[in-house]
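The block underneath contains the structure these notes are about, expressed in structure tokens.
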Amino acid sequence: MKTSPKQRSFTEFTIMLAFMISIVAMSTDVMLPALSLIATDLDLENLNDSHFTVSSLFLGFAFGQMFVGPLSDSFGRKPIVYISYVIFIIGCLLAIFASSFTMLLIGRVLQGVGAAGPRIICTAIVRDGFEGRAMARIMSFVMAVFIIVPAIAPAIGQAVIYLAGWRATFVMLLAMSVISFLWFGLRQPETLPKTARRAFSLGNIWSGIVEITKIRAALGYAITAGFIFGPFLGYLGSAQAIFQETYGVGQYFALYFGIAALAIGSASLLNSTLVMRLGMQYLTACAIISGIFISTIFVGVVISLSGTPPLWAFMMWLIPTFFCVGILFGNLNALAMEPLGDMAGLGSAFIGATTTFISLPIGLMVSDQFAGTVTPLVLGFAIFNMIAFMMTNWSRNRPILTFKI
């Protein structure tokens with residue numbers, strides 16, 4: 001990527017995108033510790049309905065990402081990011097001043113729509129200026145943030161709620177979005193020149209989607225990412241029950257949760273260095289094969305111990321498994337985006353939507369199977385790593401084991 005007076009360094013560029021992604025990720029989970037408080041304060045008849053606070057965000061996100069990518073291909077990256085931030089900020093204000101649960105849900109939907117812009121367009125901006133290993137290096141760092149933040153967000157939210165109440169979580173999101181808006185606007189130049197923009201029409205969008213589905217690498221690696229992310233979502237959905245109900249760690253839940261998150265983050269940061277020397281495909285192969293081996297072996301251990309191995313043994317499985325996940329996310333996104341340079345916005349939206357639609361039902365299936373043991377989680381990682389392995393072979397149209405350094 002060419003430098004400009006508005007963009008001082010590669011480091012600043014990467015950190016800025018990571019901060020944008022962190023807002024998207026933080027929005028997902030930061031208010032989870034406050035669900036019961038929200039239900040009480042807003043007079044919900046059925047307290048269980050408070051979970052719609054989370055699902056409404058994903059509803060808006062799923063809707064928003066269908067449009068922001070194609071729009072950014074037609075009108076440029078920056079205008080669509082600006083509009084997305086404005087929508088997100090309006091959603092935060094509605095949540096902060098919500099006098100009813102319906103008003104809160106509308107705010108959450110708008111937050112989801114607005115969050116789609118930074119999430120999808122960040123990837124497109126990276127693809128506009130980088131390709132191959134350099135792109136994977138940036139995406140490794142950015143995706144590390146996207147994965148780690150939801151894992152630590154509940155702990156951050158708990159602290160904010162303790163100090164200032166549940167509405168303060170949305171004040172924090174509002175402040176983060178304003179800072180990111182200004183940073184992006186002042187420091188990031190437009191990466192899509194007018195000569196490279198596509199005319200906006202439903203026909204062009206449809207033809208672009210059809211074109212993407214014909215590119216085996218783009219489609220295959222997007223699907224692979226969905227199979228990898230699915231059991232991870234299952235972990236997020238069942239982690240609290242596993243640590244607090246199965247293992248009884250009590251107030252130390254956030255500690256164990258954070259240790260697992262650090263494994264992903266450290267792997268992604270290490271990948272940003274290794275990928276320049278070893279390449280995306282080789283590291284992807286190593287991570288998937290290692291994930292299969294680790295989880296398959298541990299399935300046997302779990303079954304032999306009636307589904308409840310000692311906590312230390314569970315952590316000995318969880319940490320290397322998440323390390324493999326950390327290696328995979330940046331590389332899979334970069335591999336899927338690499339052939340889509342001429343339509344990075346639509347491509348990023350397509351990859352994001354494909355990954356989401358595959359991973360969400362897998363995550364729900366894994367977490368719903370929790371019945372007091374870790375068997376469903378471990379089995380989920382083993383099975384879907386195997387499927388990801390086969391999809392990677394299909395994506396490259398040759399066996400993964402032929403990879404060479």
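Simple scheme: letters A, B, ... for chains in structure tokens order, numbers from 1 for residues in each chain, numbers from 1 for ligands in the order shown.
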
- Could you pull out all residues of stretch 130-250 of chain A with a DSSP call of alpha helix (DSSP H) and give them as number ranges by chain? A: 132-164, 167-187, 202-213, 216-241

- Message: Which residues are close to stretch 154-166 of chain A, i.e. within 12 Å by only C-alpha atoms, leaving aside same-chain residues fewer than 6 positions away? Reply as a ChimeraX atom specification.
- Response: /A:25-42,95-98,148,172-173,236,239-240,251-258

Serialized selection, N, CA, C and O atoms, as a tab-separated table (two decimals), in the first residue's frame:
chain	number	residue	atom	x	y	z
A	25	ALA	N	-16.53	-6.47	17.67
A	25	ALA	CA	-16.48	-7.63	18.56
A	25	ALA	C	-16.98	-7.30	19.95
A	25	ALA	O	-17.70	-8.10	20.57
A	26	MET	N	-16.63	-6.12	20.46
A	26	MET	CA	-17.07	-5.72	21.80
A	26	MET	C	-18.59	-5.60	21.88
A	26	MET	O	-19.20	-5.93	22.90
A	27	SER	N	-19.21	-5.14	20.79
A	27	SER	CA	-20.66	-4.96	20.78
A	27	SER	C	-21.40	-6.27	21.03
A	27	SER	O	-22.52	-6.26	21.54
A	28	THR	N	-20.77	-7.37	20.68
A	28	THR	CA	-21.44	-8.66	20.77
A	28	THR	C	-21.67	-9.09	22.21
A	28	THR	O	-22.77	-9.51	22.58
A	29	ASP	N	-20.65	-8.95	23.05
A	29	ASP	CA	-20.67	-9.62	24.35
A	29	ASP	C	-20.54	-8.72	25.56
A	29	ASP	O	-20.66	-9.20	26.69
A	30	VAL	N	-20.28	-7.42	25.38
A	30	VAL	CA	-19.93	-6.60	26.53
A	30	VAL	C	-21.08	-6.47	27.52
A	30	VAL	O	-20.86	-6.26	28.72
A	31	MET	N	-22.33	-6.59	27.04
A	31	MET	CA	-23.46	-6.43	27.96
A	31	MET	C	-24.00	-7.76	28.48
A	31	MET	O	-24.99	-7.78	29.22
A	32	LEU	N	-23.36	-8.86	28.17
A	32	LEU	CA	-23.85	-10.16	28.62
A	32	LEU	C	-24.04	-10.25	30.14
A	32	LEU	O	-25.04	-10.80	30.60
A	33	PRO	N	-23.09	-9.72	30.94
A	33	PRO	CA	-23.30	-9.81	32.39
A	33	PRO	C	-24.51	-9.01	32.88
A	33	PRO	O	-24.93	-9.19	34.03
A	34	ALA	N	-25.06	-8.14	32.03
A	34	ALA	CA	-26.15	-7.27	32.46
A	34	ALA	C	-27.52	-7.74	31.99
A	34	ALA	O	-28.52	-7.04	32.21
A	35	LEU	N	-27.62	-8.91	31.37
A	35	LEU	CA	-28.90	-9.33	30.79
A	35	LEU	C	-30.01	-9.39	31.84
A	35	LEU	O	-31.15	-8.97	31.58
A	36	SER	N	-29.71	-9.90	33.01
A	36	SER	CA	-30.75	-9.98	34.04
A	36	SER	C	-31.12	-8.59	34.55
A	36	SER	O	-32.29	-8.32	34.83
A	37	LEU	N	-30.14	-7.69	34.64
A	37	LEU	CA	-30.42	-6.32	35.06
A	37	LEU	C	-31.28	-5.59	34.03
A	37	LEU	O	-32.21	-4.85	34.38
A	38	ILE	N	-30.97	-5.82	32.75
A	38	ILE	CA	-31.75	-5.20	31.67
A	38	ILE	C	-33.19	-5.69	31.74
A	38	ILE	O	-34.14	-4.90	31.62
A	39	ALA	N	-33.36	-6.99	31.92
A	39	ALA	CA	-34.71	-7.55	31.98
A	39	ALA	C	-35.51	-6.95	33.15
A	39	ALA	O	-36.70	-6.66	33.01
A	40	THR	N	-34.84	-6.75	34.28
A	40	THR	CA	-35.52	-6.18	35.44
A	40	THR	C	-35.84	-4.71	35.25
A	40	THR	O	-36.97	-4.26	35.49
A	41	ASP	N	-34.86	-3.95	34.80
A	41	ASP	CA	-35.03	-2.51	34.66
A	41	ASP	C	-36.07	-2.14	33.59
A	41	ASP	O	-36.77	-1.13	33.73
A	42	LEU	N	-36.16	-2.96	32.54
A	42	LEU	CA	-37.10	-2.66	31.45
A	42	LEU	C	-38.39	-3.46	31.56
A	42	LEU	O	-39.16	-3.56	30.61
A	95	ALA	N	-29.95	2.75	22.73
A	95	ALA	CA	-29.74	1.79	23.82
A	95	ALA	C	-29.49	2.50	25.15
A	95	ALA	O	-29.99	2.10	26.20
A	96	ILE	N	-28.72	3.58	25.11
A	96	ILE	CA	-28.39	4.31	26.33
A	96	ILE	C	-29.65	4.89	26.98
A	96	ILE	O	-29.83	4.84	28.20
A	97	PHE	N	-30.53	5.44	26.14
A	97	PHE	CA	-31.72	6.12	26.66
A	97	PHE	C	-32.99	5.28	26.54
A	97	PHE	O	-34.10	5.80	26.63
A	98	ALA	N	-32.82	3.97	26.34
A	98	ALA	CA	-33.97	3.09	26.14
A	98	ALA	C	-34.90	3.13	27.35
A	98	ALA	O	-34.47	2.92	28.50
A	148	ILE	N	-10.41	-12.41	20.01
A	148	ILE	CA	-10.11	-12.28	21.43
A	148	ILE	C	-11.11	-11.40	22.15
A	148	ILE	O	-11.55	-11.71	23.26
A	172	MET	N	-19.71	3.26	26.62
A	172	MET	CA	-18.36	2.87	26.24
A	172	MET	C	-18.28	2.58	24.74
A	172	MET	O	-17.35	3.01	24.05
A	173	LEU	N	-19.28	1.85	24.22
A	173	LEU	CA	-19.30	1.57	22.78
A	173	LEU	C	-19.43	2.86	21.98
A	173	LEU	O	-18.80	3.01	20.91
A	236	LEU	N	-18.05	-20.42	22.96
A	236	LEU	CA	-18.51	-19.18	23.58
A	236	LEU	C	-19.88	-19.36	24.22
A	236	LEU	O	-20.16	-18.78	25.27
A	239	ALA	N	-19.15	-22.01	27.37
A	239	ALA	CA	-17.98	-21.90	28.24
A	239	ALA	C	-18.35	-21.61	29.69
A	239	ALA	O	-17.77	-22.20	30.61
A	240	GLN	N	-19.29	-20.71	29.90
A	240	GLN	CA	-19.65	-20.37	31.27
A	240	GLN	C	-20.20	-21.59	32.00
A	240	GLN	O	-19.85	-21.84	33.17
A	251	GLN	N	-15.70	-17.60	40.66
A	251	GLN	CA	-15.25	-16.27	40.24
A	251	GLN	C	-14.00	-16.31	39.37
A	251	GLN	O	-13.62	-15.28	38.79
A	252	TYR	N	-13.36	-17.47	39.26
A	252	TYR	CA	-12.18	-17.58	38.42
A	252	TYR	C	-12.51	-17.89	36.96
A	252	TYR	O	-11.61	-18.12	36.15
A	253	PHE	N	-13.80	-17.89	36.64
A	253	PHE	CA	-14.23	-18.15	35.26
A	253	PHE	C	-13.52	-17.23	34.27
A	253	PHE	O	-13.00	-17.66	33.24
A	254	ALA	N	-13.51	-15.92	34.56
A	254	ALA	CA	-12.89	-14.96	33.64
A	254	ALA	C	-11.41	-15.24	33.43
A	254	ALA	O	-10.86	-15.01	32.34
A	255	LEU	N	-10.74	-15.76	34.46
A	255	LEU	CA	-9.32	-16.07	34.36
A	255	LEU	C	-9.08	-17.20	33.36
A	255	LEU	O	-8.25	-17.07	32.44
A	256	TYR	N	-9.81	-18.30	33.52
A	256	TYR	CA	-9.65	-19.43	32.60
A	256	TYR	C	-10.09	-19.04	31.18
A	256	TYR	O	-9.46	-19.44	30.19
A	257	PHE	N	-11.16	-18.28	31.10
A	257	PHE	CA	-11.65	-17.79	29.81
A	257	PHE	C	-10.58	-16.96	29.12
A	257	PHE	O	-10.33	-17.09	27.92
A	258	GLY	N	-9.92	-16.10	29.90
A	258	GLY	CA	-8.89	-15.23	29.34
A	258	GLY	C	-7.65	-15.99	28.90
A	258	GLY	O	-7.02	-15.64	27.90

- Query: Could you pull the residues within 9 Å of A:Asn271, counting only C-alpha atoms, minus those fewer than 6 positions along the same chain, as a ChimeraX atom specification?
  - Reply: /A:136-137,140-141,280,283,326-328,330-331

Written selection (N, CA, C and O atoms) as a compact mmCIF listing (two decimals), in the first residue's frame:
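Output file result_15.txt follows:
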# COMPACT_ATOMS: atom_id res chain seq x y z
N ALA A 136 -2.04 -11.59 4.59
CA ALA A 136 -2.25 -12.54 5.68
C ALA A 136 -1.63 -12.04 6.97
O ALA A 136 -2.17 -12.26 8.07
N ARG A 137 -0.51 -11.33 6.87
CA ARG A 137 0.14 -10.79 8.05
C ARG A 137 -0.77 -9.79 8.76
O ARG A 137 -0.94 -9.85 9.99
N SER A 140 -4.00 -11.53 10.14
CA SER A 140 -3.74 -12.33 11.35
C SER A 140 -3.89 -11.47 12.59
O SER A 140 -4.52 -11.88 13.58
N PHE A 141 -3.33 -10.29 12.54
CA PHE A 141 -3.42 -9.39 13.69
C PHE A 141 -4.86 -8.90 13.89
O PHE A 141 -5.38 -8.91 15.01
N MET A 280 0.83 -18.81 3.66
CA MET A 280 -0.50 -19.06 4.22
C MET A 280 -0.90 -20.51 4.14
O MET A 280 -1.44 -21.09 5.09
N LEU A 283 1.01 -22.93 6.62
CA LEU A 283 0.58 -22.75 8.00
C LEU A 283 -0.85 -23.23 8.22
O LEU A 283 -1.18 -23.80 9.26
N GLY A 326 -6.18 -19.76 16.21
CA GLY A 326 -5.57 -18.46 16.00
C GLY A 326 -4.73 -18.41 14.74
O GLY A 326 -4.67 -17.37 14.06
N ILE A 327 -4.07 -19.50 14.41
CA ILE A 327 -3.29 -19.56 13.17
C ILE A 327 -4.21 -19.52 11.95
O ILE A 327 -3.91 -18.90 10.92
N LEU A 328 -5.37 -20.14 12.07
CA LEU A 328 -6.23 -20.34 10.91
C LEU A 328 -7.01 -19.11 10.46
O LEU A 328 -7.15 -18.88 9.26
N GLY A 330 -6.78 -15.70 10.35
CA GLY A 330 -6.20 -14.71 9.45
C GLY A 330 -5.85 -15.30 8.10
O GLY A 330 -6.10 -14.68 7.05
N ASN A 331 -5.28 -16.51 8.11
CA ASN A 331 -4.88 -17.14 6.85
C ASN A 331 -6.07 -17.50 5.98
O ASN A 331 -6.04 -17.30 4.75

- Which residues, written as a VMD selection string, have at least one atom at most 7 Å from stretch 103-116 of chain A, with only C-alpha atoms counted and residues fewer than 6 positions away on the same chain left out? chain A and resid 24 53 56 to 61 63 to 65 84 to 85 87 to 88 91 to 92 94 to 95

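Of note, atom CA of A:Pro231 and atom CA of A:Ser177 are spaced 29.4 Å apart.
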
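One distance worth recording is that between atom CA of A:Met365 and atom CA of A:Val378, which is 12.9 Å.
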
- Task: Quote the spacing between atom CA of A:Ile15 and atom CA of A:Val142 in Å to one decimal place.
- Result: 7.9 Å

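Non-sequential neighbours of stretch 195-202 of chain A (distance at most 9 Å, separation of 2 or more positions within a chain, only C-alpha atoms) are Pro70, Leu71, Ser72, Asp73, Ser74, Phe75, Gly76, Leu192, Pro193, Asn204, Ile205, Trp206, Ser207, Asp342 and Met343 of chain A.
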
Export of the given selection (C-alpha atoms) as an mmCIF file, in the first residue's frame:
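Here's the written file again.cif:
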data_model
loop_
_atom_site.group_PDB
_atom_site.id
_atom_site.type_symbol
_atom_site.label_atom_id
_atom_site.label_comp_id
_atom_site.auth_asym_id
_atom_site.auth_seq_id
_atom_site.Cartn_x
_atom_site.Cartn_y
_atom_site.Cartn_z
ATOM 1 C CA PRO A 70 -21.307 -3.847 -2.735
ATOM 2 C CA LEU A 71 -21.972 -0.205 -1.818
ATOM 3 C CA SER A 72 -18.294 0.342 -0.986
ATOM 4 C CA ASP A 73 -17.310 -1.158 -4.361
ATOM 5 C CA SER A 74 -19.498 1.467 -6.043
ATOM 6 C CA PHE A 75 -19.091 4.600 -3.917
ATOM 7 C CA GLY A 76 -15.739 4.070 -2.196
ATOM 8 C CA LEU A 192 -10.558 2.452 -4.034
ATOM 9 C CA PRO A 193 -9.995 4.939 -6.888
ATOM 10 C CA ASN A 204 -24.086 -6.261 -10.919
ATOM 11 C CA ILE A 205 -24.267 -7.538 -7.355
ATOM 12 C CA TRP A 206 -25.857 -10.799 -8.443
ATOM 13 C CA SER A 207 -23.394 -11.294 -11.293
ATOM 14 C CA ASP A 342 -11.255 -6.392 -8.342
ATOM 15 C CA MET A 343 -14.350 -6.673 -6.115
#

- Message: Using only C-alpha atoms, which protein or nucleic acid residues come within 7 Å of A:Ala260? Drop anything in the same chain fewer than 4 positions from it, and give the result as an MDAnalysis selection string.
- Response: chainID A and resid 256 264 318:319 322

Could you turn the residues from that selection into a file that holds N, CA, C and O atoms, as a PDB file, in the first residue's frame?
ATOM      1  N   TYR A 256      -9.813 -18.303  33.522  1.00  0.00           N
ATOM      2  CA  TYR A 256      -9.646 -19.429  32.599  1.00  0.00           C
ATOM      3  C   TYR A 256     -10.090 -19.039  31.179  1.00  0.00           C
ATOM      4  O   TYR A 256      -9.463 -19.442  30.188  1.00  0.00           O
ATOM      5  N   ILE A 264      -5.292 -17.892  21.449  1.00  0.00           N
ATOM      6  CA  ILE A 264      -5.670 -17.474  20.099  1.00  0.00           C
ATOM      7  C   ILE A 264      -4.891 -16.232  19.693  1.00  0.00           C
ATOM      8  O   ILE A 264      -4.351 -16.145  18.587  1.00  0.00           O
ATOM      9  N   LEU A 318      -7.541 -27.413  25.496  1.00  0.00           N
ATOM     10  CA  LEU A 318      -8.122 -26.165  25.005  1.00  0.00           C
ATOM     11  C   LEU A 318      -7.060 -25.200  24.482  1.00  0.00           C
ATOM     12  O   LEU A 318      -7.241 -24.587  23.418  1.00  0.00           O
ATOM     13  N   ILE A 319      -5.956 -25.057  25.181  1.00  0.00           N
ATOM     14  CA  ILE A 319      -4.942 -24.066  24.801  1.00  0.00           C
ATOM     15  C   ILE A 319      -4.320 -24.372  23.437  1.00  0.00           C
ATOM     16  O   ILE A 319      -4.293 -23.508  22.558  1.00  0.00           O
ATOM     17  N   PHE A 322      -6.979 -23.880  20.632  1.00  0.00           N
ATOM     18  CA  PHE A 322      -7.216 -22.475  20.319  1.00  0.00           C
ATOM     19  C   PHE A 322      -6.005 -21.836  19.651  1.00  0.00           C
ATOM     20  O   PHE A 322      -6.146 -20.879  18.885  1.00  0.00           O
TER      21      PHE A 322
END

- Which neighbours of A:Ala313 fall inside 12 Å, counting only C-alpha atoms, when residues of the same chain fewer than 3 positions from it are skipped, and could you give them as a ChimeraX atom specification? /A:247,298-299,301-302,305,307-310,316-320,374

- Closest to A:Val275 among A:Gly372, A:Ala334, A:Met390, A:Phe243, using only C-alpha atoms? A:Ala334
